>>> print(open('model.cif').read())   # mmCIF, C-alpha atoms
data_protein
loop_
_atom_site.label_atom_id
_atom_site.label_comp_id
_atom_site.auth_asym_id
_atom_site.auth_seq_id
_atom_site.Cartn_x
_atom_site.Cartn_y
_atom_site.Cartn_z
CA MET V 489 15.45 23.76 4.64
CA PHE V 490 18.93 22.81 5.92
CA ILE V 491 19.52 19.23 7.05
CA THR V 492 22.91 18.03 8.30
CA LYS V 493 24.42 14.82 6.95
CA GLY V 494 24.04 13.11 10.33
CA ILE V 495 20.33 13.95 10.61
CA LEU V 496 19.71 12.85 7.03
CA GLU V 497 21.47 9.52 7.59
CA TYR V 498 19.44 8.95 10.76
CA MET V 499 16.15 9.75 8.99
CA THR V 500 17.08 7.54 6.03
CA SER V 501 17.75 4.63 8.40
CA ILE V 502 14.22 5.00 9.80
CA TYR V 503 12.62 4.62 6.37
CA LEU V 504 14.83 1.74 5.21
CA ASN V 505 14.90 -0.30 8.44
CA ARG V 506 13.96 -3.83 7.35
CA GLN V 507 13.43 -5.29 10.81
CA PHE V 508 9.77 -6.32 10.83
CA PHE V 509 8.41 -7.58 14.15
CA SER V 510 5.46 -9.94 14.44
CA GLY V 511 2.34 -8.11 15.63
CA SER V 512 3.64 -4.68 14.54
CA TYR V 513 2.08 -2.32 11.99
CA TYR V 514 3.91 -0.52 9.19
CA HIS V 515 3.29 2.18 6.62
CA VAL V 516 4.93 0.95 3.39
CA TYR V 517 5.13 3.12 0.29
CA ASN V 518 7.06 3.86 -2.90
CA ARG V 519 6.72 5.82 -6.11
CA GLY V 520 7.78 5.68 -9.73
CA ALA V 521 11.32 6.44 -10.84
CA HIS V 522 11.78 10.19 -11.38
CA LYS V 523 8.24 10.55 -9.96
CA GLN V 524 6.84 9.15 -13.22
CA ASN V 525 3.57 7.24 -13.37
CA ILE V 526 3.68 3.50 -12.71
CA PHE V 527 -0.02 2.99 -13.45
CA LEU V 528 -0.81 4.21 -16.95
CA ASP V 529 -4.31 2.79 -17.36
CA LYS V 530 -6.95 0.54 -15.81
CA ASN V 531 -5.12 -2.62 -16.86
CA ASP V 532 -2.02 -1.55 -14.91
CA TYR V 533 -4.04 -0.86 -11.76
CA ASP V 534 -5.97 -4.14 -12.07
CA SER V 535 -2.81 -6.14 -12.69
CA PHE V 536 -1.08 -4.66 -9.64
CA ILE V 537 -4.11 -5.44 -7.48
CA GLN V 538 -4.20 -9.02 -8.79
CA ILE V 539 -0.49 -9.41 -7.99
CA LEU V 540 -0.93 -7.87 -4.54
CA SER V 541 -3.90 -10.06 -3.65
CA TYR V 542 -2.07 -13.18 -4.86
CA TYR V 543 0.88 -12.65 -2.52
CA PHE V 544 -1.30 -11.83 0.47
CA LEU V 545 -3.28 -15.02 -0.09
CA HIS V 546 -0.15 -17.00 -1.04
CA PRO V 547 2.77 -15.60 0.98
CA LEU V 548 5.07 -18.46 -0.12
CA GLY V 549 4.29 -17.90 -3.80
CA THR V 550 7.14 -17.15 -6.20
CA PRO V 551 7.12 -14.23 -8.67
CA LYS V 552 4.79 -15.26 -11.45
CA SER V 553 5.87 -15.34 -15.09
CA ILE V 554 4.03 -13.49 -17.85
CA LEU V 555 2.49 -16.76 -19.08
CA SER V 556 1.31 -17.64 -15.57
CA ARG V 557 -0.32 -14.24 -15.16
CA LEU V 558 -2.09 -14.55 -18.50
CA ALA V 559 -3.43 -17.93 -17.40
CA ASP V 560 -4.65 -16.33 -14.14
CA LYS V 561 -6.47 -13.49 -15.89
CA GLY V 562 -10.00 -13.28 -14.51
CA ARG V 563 -9.34 -16.07 -12.03
CA THR V 564 -10.58 -15.80 -8.46
CA PHE V 565 -7.96 -17.20 -6.10
CA VAL V 566 -9.11 -19.78 -3.58
CA GLU V 567 -8.44 -19.33 0.12
CA SER V 568 -4.78 -20.07 0.83
CA ALA V 569 -3.85 -22.99 3.06
CA GLU V 570 -0.52 -21.30 3.76
CA PRO V 571 0.10 -19.73 7.18
CA ALA V 572 -0.67 -16.03 7.49
CA ALA V 573 2.49 -13.98 7.09
CA TYR V 574 1.13 -10.43 6.98
CA THR V 575 -2.23 -8.66 6.87
CA LEU V 576 -3.18 -5.76 4.61
CA ILE V 577 -5.09 -3.22 6.70
CA ALA V 578 -5.37 -0.45 4.09
CA TYR V 579 -4.01 0.48 0.67
CA CYS V 580 -4.28 3.06 -2.08
CA LEU V 581 -2.79 3.11 -5.57
CA MET V 582 -2.17 6.48 -7.18
CA PRO V 583 -0.82 7.19 -10.69
CA ASN V 584 2.82 7.47 -9.56
CA HIS V 585 2.91 5.88 -6.10
CA PHE V 586 1.26 3.49 -3.65
CA HIS V 587 0.60 3.30 0.10
CA PHE V 588 0.05 0.21 2.24
CA MET V 589 -0.68 -0.29 5.93
CA ILE V 590 0.48 -3.81 6.81
CA ARG V 591 0.64 -5.88 9.98
CA GLN V 592 3.54 -8.32 10.21
CA ASP V 593 2.14 -11.67 11.41
CA SER V 594 5.05 -14.07 10.90
CA ASP V 595 8.51 -14.29 12.44
CA SER V 596 10.03 -15.75 9.29
CA ILE V 597 8.12 -14.57 6.19
CA THR V 598 8.43 -10.80 6.38
CA ILE V 599 7.14 -7.74 4.60
CA SER V 600 10.49 -7.67 2.79
CA ASN V 601 9.56 -10.98 1.14
CA LEU V 602 6.18 -9.56 0.16
CA MET V 603 7.55 -6.36 -1.33
CA LYS V 604 10.25 -8.18 -3.29
CA ARG V 605 7.64 -10.49 -4.84
CA VAL V 606 5.09 -7.75 -5.56
CA CYS V 607 7.58 -5.27 -7.04
CA THR V 608 9.44 -7.91 -9.08
CA THR V 609 6.25 -9.32 -10.56
CA PHE V 610 4.77 -5.93 -11.39
CA ALA V 611 8.05 -4.74 -12.96
CA MET V 612 8.05 -7.84 -15.18
CA TYR V 613 4.49 -7.09 -16.23
CA PHE V 614 5.08 -3.34 -16.77
CA ASN V 615 8.29 -3.74 -18.77
CA ASN V 616 6.72 -6.33 -21.04
CA ARG V 617 3.45 -4.50 -21.62
CA HIS V 618 4.91 -1.03 -22.14
CA HIS V 619 8.18 -2.08 -23.83
CA HIS V 620 10.09 -0.46 -21.01
CA SER V 621 13.57 -1.33 -19.77
CA GLY V 622 15.17 -0.60 -16.43
CA THR V 623 13.73 0.09 -13.02
CA ILE V 624 10.23 1.50 -12.66
CA PHE V 625 10.46 2.39 -8.96
CA GLN V 626 12.37 5.24 -7.38
CA GLY V 627 14.83 3.32 -5.26
CA LYS V 628 13.89 1.04 -2.39
CA TYR V 629 10.44 1.15 -0.85
CA LYS V 630 10.16 2.95 2.49
CA ASN V 631 8.55 1.64 5.65
CA ILE V 632 7.73 3.25 8.98
CA LEU V 633 6.71 1.52 12.19
CA ILE V 634 3.27 2.72 13.34
CA GLU V 635 3.41 2.58 17.10
CA ASN V 636 -0.08 3.14 18.53
CA GLU V 637 -3.79 2.87 17.76
CA TYR V 638 -4.17 6.62 17.27
CA GLN V 639 -1.57 6.49 14.50
CA TRP V 640 -3.18 3.39 12.98
CA LEU V 641 -6.48 5.22 12.64
CA TYR V 642 -4.99 8.38 11.18
CA LEU V 643 -2.81 6.45 8.77
CA THR V 644 -5.86 4.77 7.25
CA LYS V 645 -7.42 8.21 6.90
CA TYR V 646 -4.33 9.55 5.16
CA ILE V 647 -4.18 6.55 2.81
CA HIS V 648 -7.88 6.67 1.94
CA ARG V 649 -7.81 10.43 1.31
CA ASN V 650 -5.03 10.22 -1.29
CA PRO V 651 -7.43 10.34 -4.28
CA THR V 652 -8.63 13.80 -3.23
CA HIS V 653 -5.50 15.03 -5.03
CA LEU V 654 -6.88 13.76 -8.34
CA LYS V 655 -8.84 16.47 -10.11
CA GLN V 656 -11.24 13.99 -11.67
CA ARG V 657 -12.01 12.22 -8.39
CA SER V 658 -14.14 13.97 -5.80
CA ASP V 659 -16.09 11.01 -4.41
CA LEU V 660 -13.66 8.90 -2.37
CA CYS V 661 -16.02 5.96 -1.96
CA LEU V 662 -16.09 5.45 -5.74
CA TYR V 663 -12.31 5.33 -6.19
CA PRO V 664 -11.67 1.71 -7.31
CA TYR V 665 -7.98 1.38 -6.40
CA SER V 666 -8.22 1.76 -2.65
CA SER V 667 -9.36 -0.25 0.36
CA TYR V 668 -11.81 2.51 1.31
CA PRO V 669 -14.80 0.70 -0.31
CA ASN V 670 -13.96 -2.31 1.92
CA TYR V 671 -14.33 -0.08 4.98
CA LEU V 672 -17.71 1.17 3.80
CA GLY V 673 -19.06 -2.29 3.04
CA ILE V 674 -19.13 -1.64 -0.71
CA LYS V 675 -16.54 -4.37 -1.33
CA SER V 676 -15.44 -7.37 0.73
CA ASP V 677 -12.05 -8.50 -0.55
CA ARG V 678 -10.67 -11.40 1.54
CA TRP V 679 -7.14 -10.05 1.36
CA VAL V 680 -8.05 -6.70 3.01
CA ASP V 681 -8.86 -6.64 6.73
CA PRO V 682 -10.44 -3.43 8.12
CA SER V 683 -11.39 -5.11 11.41
CA ILE V 684 -8.50 -3.58 13.37
CA ILE V 685 -10.07 -0.16 12.66
CA LEU V 686 -13.82 -0.79 12.65
CA SER V 687 -16.54 -3.41 12.37
CA VAL V 688 -17.97 -3.21 8.86
CA ASP V 689 -21.09 -4.98 10.20
CA SER V 690 -21.87 -1.95 12.34
CA ARG V 691 -23.60 0.72 10.26
CA ASP V 692 -22.96 3.24 13.02
CA GLU V 693 -19.20 2.59 13.03
CA VAL V 694 -19.05 2.72 9.23
CA GLU V 695 -20.86 6.06 9.13
CA LYS V 696 -18.60 7.52 11.83
CA TYR V 697 -15.50 6.31 9.98
CA GLN V 698 -16.72 7.75 6.68
CA LYS V 699 -17.33 11.10 8.32
CA PHE V 700 -13.88 10.92 9.96
CA VAL V 701 -12.13 10.20 6.66
CA GLU V 702 -13.98 12.69 4.51
CA ASP V 703 -13.47 15.53 6.98
CA GLY V 704 -10.01 16.72 5.97
CA SER V 705 -9.56 19.37 8.65
CA ASP V 706 -7.11 17.32 10.73
CA VAL V 707 -5.27 15.41 8.02
CA GLY V 708 -2.02 17.11 9.01
CA SER V 709 -1.93 14.95 12.14
CA ILE V 710 -0.45 12.11 10.09
CA GLU V 711 2.20 14.23 8.34
CA LYS V 712 5.15 12.84 10.31
CA LEU V 713 4.27 9.31 9.21
CA THR V 714 4.46 10.18 5.52
CA LEU V 715 7.56 12.37 5.52
CA ASP V 716 9.75 11.70 2.48
CA VAL V 717 13.50 12.07 2.93
CA GLU V 718 14.07 12.66 -0.79
CA GLU V 719 11.62 15.56 -0.76
CA LEU V 720 13.48 17.05 2.22
CA GLN V 721 16.70 16.91 0.23
CA ASP V 722 15.10 18.98 -2.52
CA GLU V 723 13.98 21.78 -0.20
#
>>> encode(input="model.cif", output="structure tokens")
Amino acid sequence: MFITKGILEYMTSIYLNRQFFSGSYYHVYNRGAHKQNIFLDKNDYDSFIQILSYYFLHPLGTPKSILSRLADKGRTFVESAEPAAYTLIAYCLMPNHFHFMIRQDSDSITISNLMKRVCTTFAMYFNNRHHHSGTIFQGKYKNILIENEYQWLYLTKYIHRNPTHLKQRSDLCLYPYSSYPNYLGIKSDRWVDPSIILSVDSRDEVEKYQKFVEDGSDVGSIEKLTLDVEELQDE
């Protein structure tokens, strides 16, 4: 596939645009350096989720030290008194990458603040635990503005279907590193909010959503929202 320099620069600017507007929704994602795994075992997944939940509940929190994280192990965070800065609509962690759907709620504390804190804290953890040095992520995270409700719905489907690519995972509702169980009423994490998509109190809506997600016939509809410039360069 041939892409001119001008087109590539334009596309790159879309993915790295750090202007986050209050009330807008974004697909945010990144992967491991050289496409290597960033989650090597259950402890890595659990630690990332703990870090992620901390910064959604405490948007003004600073990157936590190793000693602080050890002290927090097994702790359930209390409801934050801090103003809401952003809302996590959906997420999925895969061995070498992650996907988030986030709504920007603040005019001052942006998704950039969140991603800096999450990625810094997890890199500190990963490098210490696995005796690794250097970056663990492949460049800067990418973000795309999601402009309408149709795209919101299909983005959650795309995110929640990611584990179908894992050979050992055929039952999406049992995948533990995704917000999908929150949509099905299996989990109720405070830091995940499915309400923009469906009412989890409505069994009918939940069943319709589950059928929508697990039917993969139209998953290509979201392709343009997950396009990766670096993959285009390799083609």
>>> resolve_selection(input="model.cif", expression="the PyMOL selection byres ((chain V and resi 703) around 12)", output="PyMOL selection string")
chain V and resi 642+645-646+648-649+652+660+696-702+704-708
>>> atom_distance(input="model.cif", atom1="CA of Arg506 in chain V", atom2="CA of Lys523 in chain V")
23.2 Å
>>> residues_around(input="model.cif", residues="Thr644 in chain V", least_positions_apart="3", cutoff="8 Å", atoms="only C-alpha atoms", output="ChimeraX atom specification")
/V:578,589,640-641,647-648
>>> write_last_selection(input="model.cif", atoms="C-alpha atoms", output="mmCIF file, in the coordinates of the input")
data_model
loop_
_atom_site.group_PDB
_atom_site.id
_atom_site.type_symbol
_atom_site.label_atom_id
_atom_site.label_comp_id
_atom_site.auth_asym_id
_atom_site.auth_seq_id
_atom_site.Cartn_x
_atom_site.Cartn_y
_atom_site.Cartn_z
ATOM 1 C CA ALA V 578 -5.370 -0.450 4.090
ATOM 2 C CA MET V 589 -0.680 -0.290 5.930
ATOM 3 C CA TRP V 640 -3.180 3.390 12.980
ATOM 4 C CA LEU V 641 -6.480 5.220 12.640
ATOM 5 C CA ILE V 647 -4.180 6.550 2.810
ATOM 6 C CA HIS V 648 -7.880 6.670 1.940
#
>>> atom_distance(input="model.cif", atom1="CA of Asn518 in chain V", atom2="CA of Asn601 in chain V")
15.6 Å
>>> atom_distance(input="model.cif", atom1="CA of Asn636 in chain V", atom2="CA of Ser683 in chain V")
15.7 Å
>>> residues_around(input="model.cif", residues="Gln626 in chain V", least_positions_apart="4", cutoff="6 Å", atoms="all atoms listed in the file", output="PyMOL selection string")
chain V and resi 519-521
>>> closest_residue(input="model.cif", among="V:Tyr542, V:Leu576, V:Tyr638, V:Asp532", to="Asn615 in chain V", atoms="all atoms listed in the file")
V:Asp532
>>> closest_residue(input="model.cif", among="V:Leu581, V:Ser690, V:Ser667, V:His522", to="Asp534 in chain V", atoms="all atoms listed in the file")
V:Leu581
>>> decode(input="model.cif", residues="range 657-668 of chain V", atoms="N, CA and C atoms", output="short mmCIF file (atom, residue, chain, number, x, y, z; two decimals), in the first residue's frame")
data_model
loop_
_atom_site.label_atom_id
_atom_site.label_comp_id
_atom_site.auth_asym_id
_atom_site.auth_seq_id
_atom_site.Cartn_x
_atom_site.Cartn_y
_atom_site.Cartn_z
N ARG V 657 -9.21 -18.29 24.77
CA ARG V 657 -10.37 -17.60 25.30
C ARG V 657 -11.49 -17.57 24.28
N SER V 658 -12.52 -18.36 24.51
CA SER V 658 -13.64 -18.38 23.59
C SER V 658 -14.89 -17.75 24.20
N ASP V 659 -14.94 -17.66 25.53
CA ASP V 659 -16.10 -17.12 26.21
C ASP V 659 -15.78 -15.70 26.67
N LEU V 660 -16.27 -14.70 25.93
CA LEU V 660 -15.92 -13.31 26.21
C LEU V 660 -16.32 -12.86 27.60
N CYS V 661 -17.46 -13.34 28.09
CA CYS V 661 -17.96 -12.86 29.38
C CYS V 661 -17.08 -13.31 30.54
N LEU V 662 -16.22 -14.29 30.32
CA LEU V 662 -15.33 -14.78 31.37
C LEU V 662 -13.94 -14.15 31.33
N TYR V 663 -13.69 -13.31 30.32
CA TYR V 663 -12.37 -12.69 30.23
C TYR V 663 -12.25 -11.64 31.34
N PRO V 664 -11.26 -11.77 32.24
CA PRO V 664 -11.23 -10.93 33.45
C PRO V 664 -10.64 -9.53 33.27
N TYR V 665 -10.01 -9.26 32.11
CA TYR V 665 -9.29 -7.99 31.95
C TYR V 665 -9.99 -7.09 30.95
N SER V 666 -11.28 -6.97 31.12
CA SER V 666 -12.12 -6.21 30.20
C SER V 666 -13.31 -5.66 30.97
N SER V 667 -13.92 -4.61 30.44
CA SER V 667 -15.13 -4.06 31.06
C SER V 667 -16.39 -4.83 30.66
N TYR V 668 -16.25 -5.81 29.78
CA TYR V 668 -17.43 -6.54 29.31
C TYR V 668 -18.26 -7.13 30.45
#
